[in-house]
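Pasted below: query31.csv, CSV, C-alpha atoms and all ligand atoms.
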chain,number,residue,atom,x,y,z
A,126,MET,CA,223.8,136.6,91.8
A,127,GLU,CA,225.1,133.5,93.6
A,128,ILE,CA,223.2,130.4,92.9
A,129,ILE,CA,222.7,128.4,96.0
A,130,ASN,CA,222.8,124.7,95.3
A,131,VAL,CA,220.0,123.1,97.3
A,132,SER,CA,220.2,119.7,95.6
A,133,GLN,CA,220.2,116.7,97.9
A,134,LEU,CA,221.9,113.5,97.1
A,135,ARG,CA,220.4,110.4,98.8
A,136,VAL,CA,222.7,107.5,99.0
A,137,LEU,CA,222.0,104.0,100.4
A,138,HIS,CA,225.0,102.0,101.7
A,139,THR,CA,225.2,98.3,102.5
A,140,ALA,CA,227.9,95.6,102.5
A,141,ASP,CA,228.7,92.1,103.5
A,142,LEU,CA,225.6,90.5,102.0
A,143,HIS,CA,227.5,87.2,101.7
A,144,LEU,CA,225.1,85.8,99.1
A,145,GLY,CA,225.6,82.1,98.6
A,146,ARG,CA,226.9,81.4,102.1
A,147,SER,CA,226.2,77.7,102.8
A,148,PHE,CA,225.5,77.9,106.5
A,149,GLN,CA,226.9,74.4,106.6
A,150,SER,CA,226.8,73.9,110.3
A,151,TRP,CA,223.2,75.2,110.7
A,152,GLY,CA,221.4,71.9,110.1
A,153,ASP,CA,217.8,72.3,109.2
A,154,ALA,CA,218.1,76.1,109.4
A,155,ALA,CA,220.7,76.3,106.6
A,156,GLN,CA,218.2,76.4,103.7
A,157,THR,CA,216.1,79.1,105.5
A,158,ARG,CA,219.2,81.2,106.1
A,159,ARG,CA,220.4,80.9,102.5
A,160,GLN,CA,216.9,82.2,101.4
A,161,ASP,CA,217.0,84.9,104.0
A,162,LEU,CA,220.2,86.4,102.4
A,163,LEU,CA,218.6,86.4,99.0
A,164,ASP,CA,215.5,88.0,100.4
A,165,THR,CA,217.6,91.0,101.7
A,166,LEU,CA,218.1,91.9,98.0
A,167,ASP,CA,214.3,92.6,97.7
A,168,GLU,CA,214.2,94.4,101.0
A,169,ILE,CA,217.2,96.6,100.2
A,170,GLY,CA,215.6,97.3,96.8
A,171,GLN,CA,212.4,98.3,98.4
A,172,ILE,CA,214.2,100.6,100.8
A,173,ALA,CA,216.1,102.2,97.9
A,174,ARG,CA,212.8,103.0,96.1
A,175,GLN,CA,210.9,104.1,99.2
A,176,GLN,CA,213.8,106.4,100.2
A,177,ARG,CA,214.1,107.7,96.6
A,178,VAL,CA,217.8,107.1,96.6
A,179,HIS,CA,220.0,108.2,93.7
A,180,LEU,CA,222.9,106.0,94.4
A,181,LEU,CA,223.5,102.6,96.1
A,182,LEU,CA,226.9,101.8,97.5
A,183,LEU,CA,228.0,98.1,97.9
A,184,ALA,CA,231.2,97.9,99.9
A,185,GLY,CA,232.3,94.3,99.2
A,186,ASP,CA,231.6,90.7,100.2
A,187,GLN,CA,228.4,90.9,98.2
A,188,PHE,CA,229.0,87.2,97.7
A,189,ASP,CA,230.5,84.6,100.1
A,190,GLN,CA,232.8,83.3,97.3
A,191,HIS,CA,234.4,84.7,94.3
A,192,ASN,CA,232.5,82.3,92.0
A,193,PRO,CA,229.0,81.8,93.5
A,194,ASP,CA,226.3,79.7,92.1
A,195,ARG,CA,225.2,80.9,88.7
A,196,ALA,CA,221.6,81.3,89.8
A,197,ILE,CA,222.6,83.4,92.7
A,198,ALA,CA,224.9,85.6,90.6
A,199,SER,CA,222.2,86.2,88.0
A,200,ARG,CA,219.7,87.0,90.6
A,201,PHE,CA,222.1,89.6,92.0
A,202,PHE,CA,222.9,91.2,88.6
A,203,SER,CA,219.2,91.4,87.6
A,204,TRP,CA,218.5,93.1,90.9
A,205,LEU,CA,221.2,95.7,90.0
A,206,ASP,CA,219.6,96.0,86.6
A,207,ALA,CA,216.1,96.5,88.0
A,208,LEU,CA,217.4,99.3,90.3
A,209,GLY,CA,218.9,100.9,87.3
A,210,GLN,CA,215.6,100.9,85.5
A,211,ASP,CA,214.2,102.8,88.5
A,212,GLY,CA,216.9,105.4,88.2
A,213,VAL,CA,219.2,104.1,90.9
A,214,ARG,CA,223.0,104.2,90.2
A,215,VAL,CA,225.2,101.7,91.8
A,216,ALA,CA,228.9,101.8,92.9
A,217,MET,CA,230.4,98.6,94.0
A,218,ILE,CA,233.7,97.1,95.1
A,219,SER,CA,234.8,93.5,95.8
A,220,GLY,CA,235.7,92.3,99.3
A,221,ASN,CA,238.0,89.6,100.6
A,222,HIS,CA,235.3,86.8,100.2
A,223,ASP,CA,234.4,87.8,96.6
A,224,SER,CA,237.9,89.0,95.5
A,225,TYR,CA,238.1,90.3,91.9
A,226,TRP,CA,241.5,88.8,91.4
A,227,TYR,CA,240.4,85.3,90.5
A,228,GLU,CA,240.2,84.4,86.8
A,229,ASP,CA,236.7,83.2,87.4
A,230,SER,CA,235.6,86.1,89.6
A,231,VAL,CA,231.9,86.8,89.4
A,232,TYR,CA,232.7,90.4,88.6
A,233,ARG,CA,234.6,89.5,85.4
A,234,GLN,CA,231.5,89.8,83.3
A,235,ALA,CA,229.5,92.6,81.6
A,236,LEU,CA,228.0,94.5,84.5
A,237,PRO,CA,224.7,96.4,84.2
A,238,GLU,CA,225.0,99.9,82.7
A,239,ASN,CA,224.0,101.7,85.9
A,240,THR,CA,226.9,100.1,87.8
A,241,VAL,CA,230.4,101.4,88.5
A,242,PHE,CA,232.8,98.7,89.6
A,243,PHE,CA,236.4,99.3,90.6
A,244,SER,CA,238.9,96.9,89.1
A,245,ASP,CA,242.3,98.5,90.0
A,246,THR,CA,244.5,98.0,93.0
A,247,GLN,CA,244.9,101.7,93.3
A,248,CYS,CA,242.5,104.5,92.7
A,249,GLN,CA,244.2,106.4,89.9
A,250,GLU,CA,241.3,108.7,89.1
A,251,PRO,CA,237.9,109.0,90.7
A,252,VAL,CA,234.9,108.1,88.6
A,253,GLU,CA,232.7,111.1,87.9
A,254,ILE,CA,228.9,110.6,87.8
A,255,TYR,CA,226.1,113.1,87.8
A,256,ALA,CA,223.2,112.5,90.1
A,257,SER,CA,220.5,114.6,91.6
A,258,GLY,CA,221.9,117.7,90.0
A,259,LEU,CA,225.3,117.2,91.6
A,260,ASN,CA,228.7,116.1,90.3
A,261,VAL,CA,229.8,113.2,92.3
A,262,SER,CA,233.4,111.7,92.5
A,263,LEU,CA,233.6,108.1,93.4
A,264,TYR,CA,236.8,106.6,94.7
A,265,GLY,CA,237.4,102.9,95.0
A,266,ILE,CA,239.7,99.9,94.6
A,267,ALA,CA,239.6,96.2,94.1
A,268,HIS,CA,242.0,95.3,97.0
A,269,ASP,CA,244.6,92.8,96.2
A,270,HIS,CA,244.7,90.6,99.3
A,271,THR,CA,248.0,89.1,98.6
A,272,ARG,CA,250.0,92.3,98.6
A,273,HIS,CA,250.4,95.3,100.8
A,274,ARG,CA,250.0,98.6,99.1
A,275,ASP,CA,249.5,102.1,100.5
A,276,VAL,CA,246.1,102.7,99.1
A,277,LEU,CA,245.4,106.0,100.9
A,278,PRO,CA,247.0,108.4,98.4
A,279,GLY,CA,244.5,107.2,95.8
A,280,PHE,CA,241.6,108.1,98.1
A,281,ARG,CA,242.8,111.7,98.6
A,282,ARG,CA,240.2,114.2,97.6
A,283,ARG,CA,240.9,115.9,94.3
A,284,GLY,CA,239.0,117.8,91.6
A,285,ASP,CA,236.0,120.1,92.2
A,286,SER,CA,233.0,117.8,92.3
A,287,ASP,CA,230.2,118.7,94.7
A,288,VAL,CA,230.4,115.4,96.6
A,289,HIS,CA,233.3,113.0,97.1
A,290,ILE,CA,232.6,109.4,98.1
A,291,GLY,CA,235.0,106.5,98.6
A,292,LEU,CA,234.3,102.7,98.9
A,293,MET,CA,236.7,100.5,100.9
A,294,HIS,CA,236.7,97.0,102.2
A,295,ALA,CA,238.9,97.4,105.2
A,296,THR,CA,239.5,96.9,108.9
A,297,VAL,CA,239.3,100.4,110.5
A,298,ASP,CA,240.6,100.7,114.0
A,299,PRO,CA,241.4,97.1,114.6
A,300,ARG,CA,241.3,95.9,118.2
A,301,SER,CA,244.7,96.5,119.8
A,302,ASP,CA,245.0,93.0,121.1
A,303,ILE,CA,244.4,91.4,117.7
A,304,GLU,CA,247.0,91.6,114.9
A,305,VAL,CA,245.2,92.2,111.6
A,306,ALA,CA,246.8,90.7,108.5
A,307,GLU,CA,247.6,93.2,105.7
A,308,ARG,CA,245.2,91.4,103.5
A,309,TYR,CA,242.3,92.8,105.6
A,310,LEU,CA,243.6,96.3,105.0
A,311,PRO,CA,244.0,97.6,108.6
A,312,LEU,CA,243.6,101.4,108.8
A,313,SER,CA,242.8,104.0,111.4
A,314,SER,CA,240.1,106.6,111.7
A,315,ALA,CA,242.9,109.2,111.4
A,316,ASP,CA,244.0,107.6,108.1
A,317,LEU,CA,240.5,108.0,106.8
A,318,ALA,CA,240.4,111.6,108.0
A,319,THR,CA,243.5,112.4,105.8
A,320,THR,CA,241.5,111.5,102.7
A,321,GLU,CA,239.2,114.5,103.3
A,322,LEU,CA,236.5,112.7,101.4
A,323,ASP,CA,232.9,113.6,102.4
A,324,TYR,CA,232.1,109.9,103.1
A,325,LEU,CA,233.8,106.5,103.0
A,326,ALA,CA,231.4,103.6,102.5
A,327,LEU,CA,233.1,100.7,104.4
A,328,GLY,CA,232.6,97.0,104.3
A,329,HIS,CA,234.2,94.0,106.1
A,330,LEU,CA,233.3,94.5,109.8
A,331,HIS,CA,229.8,93.2,110.3
A,332,ARG,CA,228.7,95.5,113.0
A,333,ALA,CA,227.3,99.0,112.2
A,334,ARG,CA,229.5,101.9,113.2
A,335,THR,CA,230.0,105.5,112.3
A,336,ILE,CA,233.6,107.0,112.2
A,337,ASN,CA,234.8,110.6,112.1
A,338,GLU,CA,231.2,111.8,112.4
A,339,GLY,CA,230.5,115.2,110.9
A,340,GLY,CA,234.2,115.7,110.0
A,341,PRO,CA,236.5,115.0,107.0
A,342,GLY,CA,236.9,111.4,106.1
A,343,MET,CA,233.5,110.5,107.8
A,344,ALA,CA,232.9,106.9,107.3
A,345,ALA,CA,230.5,104.1,108.3
A,346,TYR,CA,230.1,100.4,108.4
A,347,PRO,CA,226.5,99.5,107.7
A,348,GLY,CA,227.1,96.0,109.0
A,349,SER,CA,225.8,92.8,107.4
A,350,PRO,CA,222.0,93.2,106.9
A,351,GLU,CA,221.5,89.6,108.2
A,352,PRO,CA,223.5,88.1,111.0
A,353,LEU,CA,225.9,85.6,109.5
A,354,HIS,CA,226.6,83.7,112.7
A,355,ALA,CA,225.1,83.4,116.2
A,356,GLY,CA,227.7,85.9,117.5
A,357,GLU,CA,226.5,88.7,115.3
A,358,THR,CA,224.0,90.0,117.8
A,359,GLY,CA,221.9,93.1,117.6
A,360,GLU,CA,219.5,94.8,115.2
A,361,ARG,CA,220.6,94.8,111.5
A,362,SER,CA,220.3,97.8,109.2
A,363,VAL,CA,221.4,99.6,106.1
A,364,THR,CA,222.8,103.1,106.1
A,365,LEU,CA,221.2,106.1,104.5
A,366,ALA,CA,223.5,109.1,103.8
A,367,THR,CA,222.0,112.4,102.7
A,368,PHE,CA,224.4,114.9,101.1
A,369,SER,CA,223.7,118.6,100.9
A,370,GLY,CA,227.3,119.8,101.0
A,371,GLY,CA,230.1,118.5,103.3
A,372,PRO,CA,229.7,115.4,105.4
A,373,PRO,CA,226.4,113.7,105.1
A,374,GLN,CA,223.5,113.2,107.5
A,375,ILE,CA,223.4,109.6,108.4
A,376,SER,CA,220.5,107.4,109.5
A,377,THR,CA,220.1,103.7,109.7
A,378,ILE,CA,217.1,101.8,108.4
A,379,PRO,CA,216.2,98.4,109.9
A,380,CYS,CA,216.8,95.5,107.5
A,381,GLY,CA,216.9,91.7,107.6
A,382,LYS,CA,214.6,89.1,108.9
A,383,ARG,CA,216.5,87.6,111.8
A,384,VAL,CA,218.3,88.9,114.9
A,385,ALA,CA,220.9,87.0,116.8
A,386,ARG,CA,220.6,87.3,120.5
A,387,ARG,CA,222.5,86.0,123.5
A,388,GLU,CA,220.4,85.4,126.7
A,389,ALA,CA,221.6,84.3,130.0
A,390,VAL,CA,219.3,81.7,131.6
A,391,ASP,CA,219.8,81.2,135.3
A,392,ALA,CA,219.4,77.4,135.8
A,393,THR,CA,219.9,77.5,139.6
A,394,GLY,CA,217.7,74.9,141.2
A,395,LEU,CA,216.0,73.9,137.9
A,396,THR,CA,215.5,70.5,136.5
A,397,ASP,CA,216.2,69.7,132.8
A,398,SER,CA,212.6,70.1,131.8
A,399,GLU,CA,212.3,73.4,133.8
A,400,ILE,CA,215.3,74.7,132.0
A,401,ALA,CA,213.7,73.7,128.7
A,402,GLU,CA,210.5,75.5,129.7
A,403,ARG,CA,212.4,78.6,130.6
A,404,ILE,CA,214.2,78.7,127.2
A,405,ALA,CA,210.9,78.0,125.5
A,406,THR,CA,209.5,81.2,127.0
A,407,LEU,CA,211.9,83.0,124.6
A,408,ALA,CA,210.4,81.3,121.6
A,409,ASP,CA,210.6,83.5,118.5
A,410,GLU,CA,211.2,82.3,114.9
A,411,THR,CA,212.9,85.5,114.0
A,412,VAL,CA,215.6,84.9,116.6
A,413,ILE,CA,218.9,83.1,116.4
A,414,LEU,CA,219.3,82.4,120.1
A,415,ASN,CA,222.4,81.5,122.0
A,416,ALA,CA,221.0,80.6,125.5
A,417,GLU,CA,223.8,80.6,128.1
A,418,LEU,CA,222.9,78.6,131.1
A,419,THR,CA,224.4,79.8,134.4
A,420,GLY,CA,224.0,79.0,138.0
A,421,ALA,CA,223.9,75.6,139.7
A,422,PRO,CA,221.1,73.4,138.3
A,423,GLN,CA,219.3,70.4,139.8
A,424,GLU,CA,220.5,68.1,137.1
A,425,ILE,CA,223.5,67.8,134.9
A,426,VAL,CA,222.7,69.7,131.7
A,427,ASP,CA,223.2,67.9,128.4
A,428,THR,CA,223.0,70.8,126.0
A,429,ASP,CA,222.9,69.0,122.7
A,430,PRO,CA,219.6,67.1,123.2
A,431,LEU,CA,218.2,70.1,124.9
A,432,ALA,CA,218.9,72.4,121.9
A,433,ARG,CA,217.6,69.8,119.5
A,434,ARG,CA,214.3,69.5,121.5
A,435,LEU,CA,213.7,73.2,121.5
A,436,ALA,CA,215.1,74.0,118.0
A,437,HIS,CA,211.7,74.4,116.4
A,438,HIS,CA,210.8,77.4,118.6
A,439,PHE,CA,213.6,79.5,117.0
A,440,CYS,CA,215.2,80.2,113.7
A,441,TYR,CA,218.3,78.6,115.2
A,442,LEU,CA,219.2,77.7,118.7
A,443,THR,CA,222.5,77.0,120.5
A,444,VAL,CA,222.7,76.3,124.2
A,445,THR,CA,226.0,77.0,126.0
A,446,ASP,CA,226.6,75.5,129.3
A,447,ARG,CA,228.2,77.8,131.9
A,448,THR,CA,226.6,76.2,134.9
A,449,SER,CA,228.6,75.1,137.9
A,450,VAL,CA,228.4,71.3,138.1
A,451,VAL,CA,230.2,71.1,141.4
A,452,ASP,CA,227.5,73.1,143.2
A,453,SER,CA,224.6,71.5,141.4
A,454,GLY,CA,221.8,69.7,143.3
A,455,TYR,CA,222.6,66.6,141.2
A,456,VAL,CA,226.2,66.3,142.4
A,457,ARG,CA,225.1,66.9,146.0
A,458,ARG,CA,222.5,64.2,145.7
A,459,ILE,CA,224.8,61.5,144.4
A,460,GLU,CA,228.1,62.3,146.0
A,461,ASN,CA,227.6,59.8,148.8
A,462,GLU,CA,226.2,57.0,146.7
A,463,HIS,CA,228.1,53.7,146.7
A,464,THR,CA,228.0,53.7,142.9
A,465,ILE,CA,230.4,54.3,140.1
A,466,ARG,CA,229.0,57.8,139.6
A,467,GLY,CA,229.3,58.5,143.4
A,468,GLU,CA,232.9,57.4,143.4
A,469,PHE,CA,233.5,59.4,140.2
A,470,VAL,CA,232.1,62.6,141.9
A,471,ARG,CA,234.2,62.0,145.1
A,472,ARG,CA,237.4,61.6,143.1
A,473,LEU,CA,236.9,64.6,140.8
A,474,ARG,CA,235.9,66.7,143.9
A,475,ASP,CA,239.3,65.8,145.4
A,476,ARG,CA,241.0,66.8,142.2
A,477,ILE,CA,239.2,70.1,142.1
A,478,ALA,CA,240.1,70.8,145.7
A,479,ALA,CA,243.7,69.9,145.1
A,480,ALA,CA,244.0,71.9,141.8
A,481,GLY,CA,247.3,73.9,141.8
A,482,ASP,CA,246.0,76.6,139.5
A,483,ASP,CA,242.9,78.0,137.8
A,484,ARG,CA,243.4,76.0,134.6
A,485,GLU,CA,243.9,72.7,136.4
A,486,ARG,CA,240.7,73.4,138.4
A,487,ARG,CA,238.7,74.2,135.2
A,488,VAL,CA,239.9,71.0,133.6
A,489,ALA,CA,238.9,68.9,136.5
A,490,GLU,CA,235.4,70.6,136.6
A,491,LEU,CA,235.0,70.0,132.9
A,492,ALA,CA,236.0,66.3,133.4
A,493,LEU,CA,233.4,66.0,136.2
A,494,GLN,CA,230.7,67.4,133.9
A,495,VAL,CA,231.6,65.4,130.8
A,496,GLY,CA,232.0,62.2,132.8
A,497,LEU,CA,228.6,62.6,134.5
A,498,ILE,CA,226.9,63.3,131.2
A,499,GLN,CA,228.4,60.1,129.7
A,500,LEU,CA,227.4,58.1,132.8
A,501,GLU,CA,223.9,59.5,132.6
A,502,ARG,CA,223.6,58.7,128.9
A,503,ARG,CA,224.7,55.2,129.6
A,504,SER,CA,222.2,54.6,132.3
A,505,ALA,CA,219.4,56.1,130.1
A,506,ARG,CA,220.0,53.4,127.5
A,601,MN,MN,232.3,90.1,105.2

Would you encode the structure as structure tokens?
Ligand SMILES: [Mn+2]
Amino acid sequence: MEIINVSQLRVLHTADLHLGRSFQSWGDAAQTRRQDLLDTLDEIGQIARQQRVHLLLLAGDQFDQHNPDRAIASRFFSWLDALGQDGVRVAMISGNHDSYWYEDSVYRQALPENTVFFSDTQCQEPVEIYASGLNVSLYGIAHDHTRHRDVLPGFRRRGDSDVHIGLMHATVDPRSDIEVAERYLPLSSADLATTELDYLALGHLHRARTINEGGPGMAAYPGSPEPLHAGETGERSVTLATFSGGPPQISTIPCGKRVARREAVDATGLTDSEIAERIATLADETVILNAELTGAPQEIVDTDPLARRLAHHFCYLTVTDRTSVVDSGYVRRIENEHTIRGEFVRRLRDRIAAAGDDRERRVAELALQVGLIQLERRSAR
């Protein structure tokens, strides 16, 4: 009689935690953000327990540096340990931020017993573990960012385990207009398919994405569980992969405290305080907001003081000025004045009108804006 294997392997996959990141340019929000990253450990641990996962995959850049603060490193390793005590195995690789190849790498210490770490530049032999009644082969490398190597042969499926899982910190399908340095391990979806692994747990790109879905070499980026800069917009999550033979079923589980968002704010006809009111309607302490001002406002927008005034409504706020100064009510009001600023407007208008190309015009527009902000600040003193 044939025995049908109905065992299910539940695997949680995350990457790019960047623990210990300083958020140097974030001002008052920096401390909050550093804590947010540490808090994701608790959240991911909770998800792992709730989802009764057997295996946790960490696909690199767990730390922002190869030698993070001792307190942060020990928090991370006791987190791994606690997961182990709850029966969760861990497979982990280093990334480009937390490269293993430094003498003082955080990974060159005794790791918790439940943890498999890959410390070779090639995957010579997969590591075999037994979880949820299944034999699982784990493939991984500690990528050497100084040298190009063809790592793919090491990831080719071999042996007769039930499930074959790889971990890679790589740039899969890089944008065609951007040259990706070898150190970031550029690979294609087709390259991954040739491995014939059931699943490749990817790290490095911070946006969630599934690759080769349902086929050989199926892979996913879970994305960073917290946005690491204002441009990392969208909901954040960790990836749950359930294996019951062949490629896994994938689902994403929301994770992280903050979401980065970009919102266009039409400033046409608005005064400074009306613009501020409009941005304030978006108030949300969980949001990292980039408010992009568009249109032709009543006044010249001075974004820095505006952002400072409204900062407390958000986790973090940046205001980007994409308004058209030339068409603004302010410029129209003062363009005929017999004043320095009136004269300045008339001269820059002539320059804009006479601009030979797009770039020259944009430079003149920017000069008009920057000049008017400076003149306004001077008269406000
Ligand atoms: Mn990263």

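Relative to atom CA of Thr139 of chain A, atom CA of Leu181 of chain A is found at 7.9 Å.
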
Contacts of ligand MN 601 (chain A), 10 Å or closer, all atoms listed in the file, given as an MDAnalysis selection string | chainID A and resid 140:143 184:189 220:223 294:295 328:331 348:349 353

Interatomic distance between atom CA of Glu250 of chain A and atom CA of Ala306 of chain A?
->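 Result for atom CA of Glu250 of chain A versus atom CA of Ala306 of chain A: 27.0 Å, one decimal.
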
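Comparing the minimum interatomic distances between Val136 of chain A and each of A:Ser314, A:Thr335, A:Pro373, A:Ser230, counting only C-alpha atoms, we find that A:Pro373 sits nearest.
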
Tell me which protein, DNA and RNA residues are within 6 Å of segment 470-476 of chain A, counting only C-alpha atoms, leaving out same-chain ones fewer than 3 positions away, and put them as a PyMOL selection string.
-> chain A and resi 460+467+479-480+493

Selection file, C-alpha atoms, as an mmCIF file, keeping the file's coordinate frame:
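In the end it all went to result_16.cif:
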data_model
loop_
_atom_site.group_PDB
_atom_site.id
_atom_site.type_symbol
_atom_site.label_atom_id
_atom_site.label_comp_id
_atom_site.auth_asym_id
_atom_site.auth_seq_id
_atom_site.Cartn_x
_atom_site.Cartn_y
_atom_site.Cartn_z
ATOM 1 C CA GLU A 460 228.100 62.300 146.000
ATOM 2 C CA GLY A 467 229.300 58.500 143.400
ATOM 3 C CA ALA A 479 243.700 69.900 145.100
ATOM 4 C CA ALA A 480 244.000 71.900 141.800
ATOM 5 C CA LEU A 493 233.400 66.000 136.200
#

Just give me the gap between atom CA of Ser257 of chain A and atom CA of Pro278 of chain A in Å, one decimal is fine.
->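 It comes out at 28.1 Å.
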
For Leu208 of chain A, which of A:Asp245, A:Asp194, A:Glu360, A:Asp167 is the closest residue, counting only C-alpha atoms?
-> A:Asp167

Distance criterion (only C-alpha atoms): nearest to Arg361 of chain A out of A:Gln423, A:Thr165, A:Gln133, A:Ser219 |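 The answer is A:Thr165, which sits nearest to Arg361 of chain A.
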
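A cut-off of 12 Å from the point (221.7, 67.7, 124.9), with only C-alpha atoms, picks out the residues Asp397, Ser398, Ile400, Ala401, Ile425, Val426, Asp427, Thr428, Asp429, Pro430, Leu431, Ala432, Arg433, Arg434, Leu435, Ala436, Thr443, Val444, Thr445, Asp446, Val495, Ile498, Gln499, Glu501 and Arg502 of chain A.
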
Would you kindly return, as a list in words, each protein, DNA or RNA residue with an atom no farther than 9 Å from any atom of Glu357 of chain A, considering only C-alpha atoms and excluding same-chain residues fewer than 6 positions away?
->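 Once the nearby chain positions are removed, what remains is His331, Arg332, Ser349, Glu351, Val384, Ala385 and Arg386 of chain A.
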
Name the residues within 8 Å of (244.6, 87.6, 98.0), counting all atoms listed in the file in the file's coordinates, and put them as a PyMOL selection string.
-> chain A and resi 221+224+226+269-272+308

Which of these residues is nearest to Ser449 of chain A, using all atoms listed in the file: A:Ser362, A:Thr320, A:Asn239, A:Thr419?
-> A:Thr419

Counting all atoms listed in the file, which of A:Tyr324, A:Tyr346, A:Tyr441, A:Phe243 gets nearest to Ala366 of chain A?
->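 Counting all atoms listed in the file, the residue closest to Ala366 of chain A is A:Tyr324.
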
Residues near Glu410 of chain A, cut-off 9 Å, all atoms listed in the file, skip fewer than 2 positions along chain, as a list of chain:residue names | A:Arg383, A:Ala408, A:Val412, A:Ile413, A:His437, A:His438, A:Phe439, A:Cys440, A:Tyr441

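Of the listed residues A:Ala173, A:Ala155, A:Arg233, A:Gln190, the one whose atoms come nearest to Trp204 of chain A is A:Ala173, with distances taken using only C-alpha atoms.
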
Starting from the incomplete input, reconstruct N, CA and C atoms of segment 158-177 of chain A and report them as a PDB file, keeping the file's coordinate frame.
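Heads up, here's the output in selection.pdb:
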ATOM      1  N   ARG A 158     218.268  80.092 106.002  1.00  0.00           N
ATOM      2  CA  ARG A 158     219.200  81.200 106.100  1.00  0.00           C
ATOM      3  C   ARG A 158     219.719  81.597 104.687  1.00  0.00           C
ATOM      4  N   ARG A 159     219.928  80.601 103.824  1.00  0.00           N
ATOM      5  CA  ARG A 159     220.400  80.900 102.500  1.00  0.00           C
ATOM      6  C   ARG A 159     219.314  81.776 101.755  1.00  0.00           C
ATOM      7  N   GLN A 160     218.045  81.407 101.983  1.00  0.00           N
ATOM      8  CA  GLN A 160     216.900  82.200 101.400  1.00  0.00           C
ATOM      9  C   GLN A 160     216.852  83.556 102.008  1.00  0.00           C
ATOM     10  N   ASP A 161     217.057  83.642 103.323  1.00  0.00           N
ATOM     11  CA  ASP A 161     217.000  84.900 104.000  1.00  0.00           C
ATOM     12  C   ASP A 161     217.971  85.927 103.350  1.00  0.00           C
ATOM     13  N   LEU A 162     219.171  85.457 103.029  1.00  0.00           N
ATOM     14  CA  LEU A 162     220.200  86.400 102.400  1.00  0.00           C
ATOM     15  C   LEU A 162     219.690  86.859 101.077  1.00  0.00           C
ATOM     16  N   LEU A 163     219.123  85.967 100.286  1.00  0.00           N
ATOM     17  CA  LEU A 163     218.600  86.400  99.000  1.00  0.00           C
ATOM     18  C   LEU A 163     217.461  87.388  99.149  1.00  0.00           C
ATOM     19  N   ASP A 164     216.633  87.152 100.170  1.00  0.00           N
ATOM     20  CA  ASP A 164     215.500  88.000 100.400  1.00  0.00           C
ATOM     21  C   ASP A 164     215.921  89.457 100.777  1.00  0.00           C
ATOM     22  N   THR A 165     217.129  89.603 101.352  1.00  0.00           N
ATOM     23  CA  THR A 165     217.600  91.000 101.700  1.00  0.00           C
ATOM     24  C   THR A 165     217.705  91.807 100.433  1.00  0.00           C
ATOM     25  N   LEU A 166     217.976  91.168  99.286  1.00  0.00           N
ATOM     26  CA  LEU A 166     218.100  91.900  98.000  1.00  0.00           C
ATOM     27  C   LEU A 166     216.746  92.674  97.796  1.00  0.00           C
ATOM     28  N   ASP A 167     215.639  91.937  97.930  1.00  0.00           N
ATOM     29  CA  ASP A 167     214.300  92.600  97.700  1.00  0.00           C
ATOM     30  C   ASP A 167     214.084  93.667  98.731  1.00  0.00           C
ATOM     31  N   GLU A 168     214.454  93.386  99.972  1.00  0.00           N
ATOM     32  CA  GLU A 168     214.200  94.400 101.000  1.00  0.00           C
ATOM     33  C   GLU A 168     215.026  95.643 100.784  1.00  0.00           C
ATOM     34  N   ILE A 169     216.293  95.463 100.426  1.00  0.00           N
ATOM     35  CA  ILE A 169     217.200  96.600 100.200  1.00  0.00           C
ATOM     36  C   ILE A 169     216.642  97.414  98.958  1.00  0.00           C
ATOM     37  N   GLY A 170     216.208  96.677  97.938  1.00  0.00           N
ATOM     38  CA  GLY A 170     215.600  97.300  96.800  1.00  0.00           C
ATOM     39  C   GLY A 170     214.424  98.158  97.116  1.00  0.00           C
ATOM     40  N   GLN A 171     213.581  97.593  97.977  1.00  0.00           N
ATOM     41  CA  GLN A 171     212.400  98.300  98.400  1.00  0.00           C
ATOM     42  C   GLN A 171     212.732  99.572  99.178  1.00  0.00           C
ATOM     43  N   ILE A 172     213.718  99.452 100.060  1.00  0.00           N
ATOM     44  CA  ILE A 172     214.200 100.600 100.800  1.00  0.00           C
ATOM     45  C   ILE A 172     214.702 101.693  99.878  1.00  0.00           C
ATOM     46  N   ALA A 173     215.490 101.245  98.893  1.00  0.00           N
ATOM     47  CA  ALA A 173     216.100 102.200  97.900  1.00  0.00           C
ATOM     48  C   ALA A 173     214.979 102.980  97.220  1.00  0.00           C
ATOM     49  N   ARG A 174     213.901 102.286  96.851  1.00  0.00           N
ATOM     50  CA  ARG A 174     212.800 103.000  96.100  1.00  0.00           C
ATOM     51  C   ARG A 174     212.004 103.858  97.066  1.00  0.00           C
ATOM     52  N   GLN A 175     211.675 103.317  98.253  1.00  0.00           N
ATOM     53  CA  GLN A 175     210.900 104.100  99.200  1.00  0.00           C
ATOM     54  C   GLN A 175     211.657 105.395  99.589  1.00  0.00           C
ATOM     55  N   GLN A 176     212.957 105.274  99.762  1.00  0.00           N
ATOM     56  CA  GLN A 176     213.800 106.400 100.200  1.00  0.00           C
ATOM     57  C   GLN A 176     214.182 107.290  99.006  1.00  0.00           C
ATOM     58  N   ARG A 177     213.741 106.919  97.811  1.00  0.00           N
ATOM     59  CA  ARG A 177     214.100 107.700  96.600  1.00  0.00           C
ATOM     60  C   ARG A 177     215.578 107.933  96.508  1.00  0.00           C
TER      61      ARG A 177
END
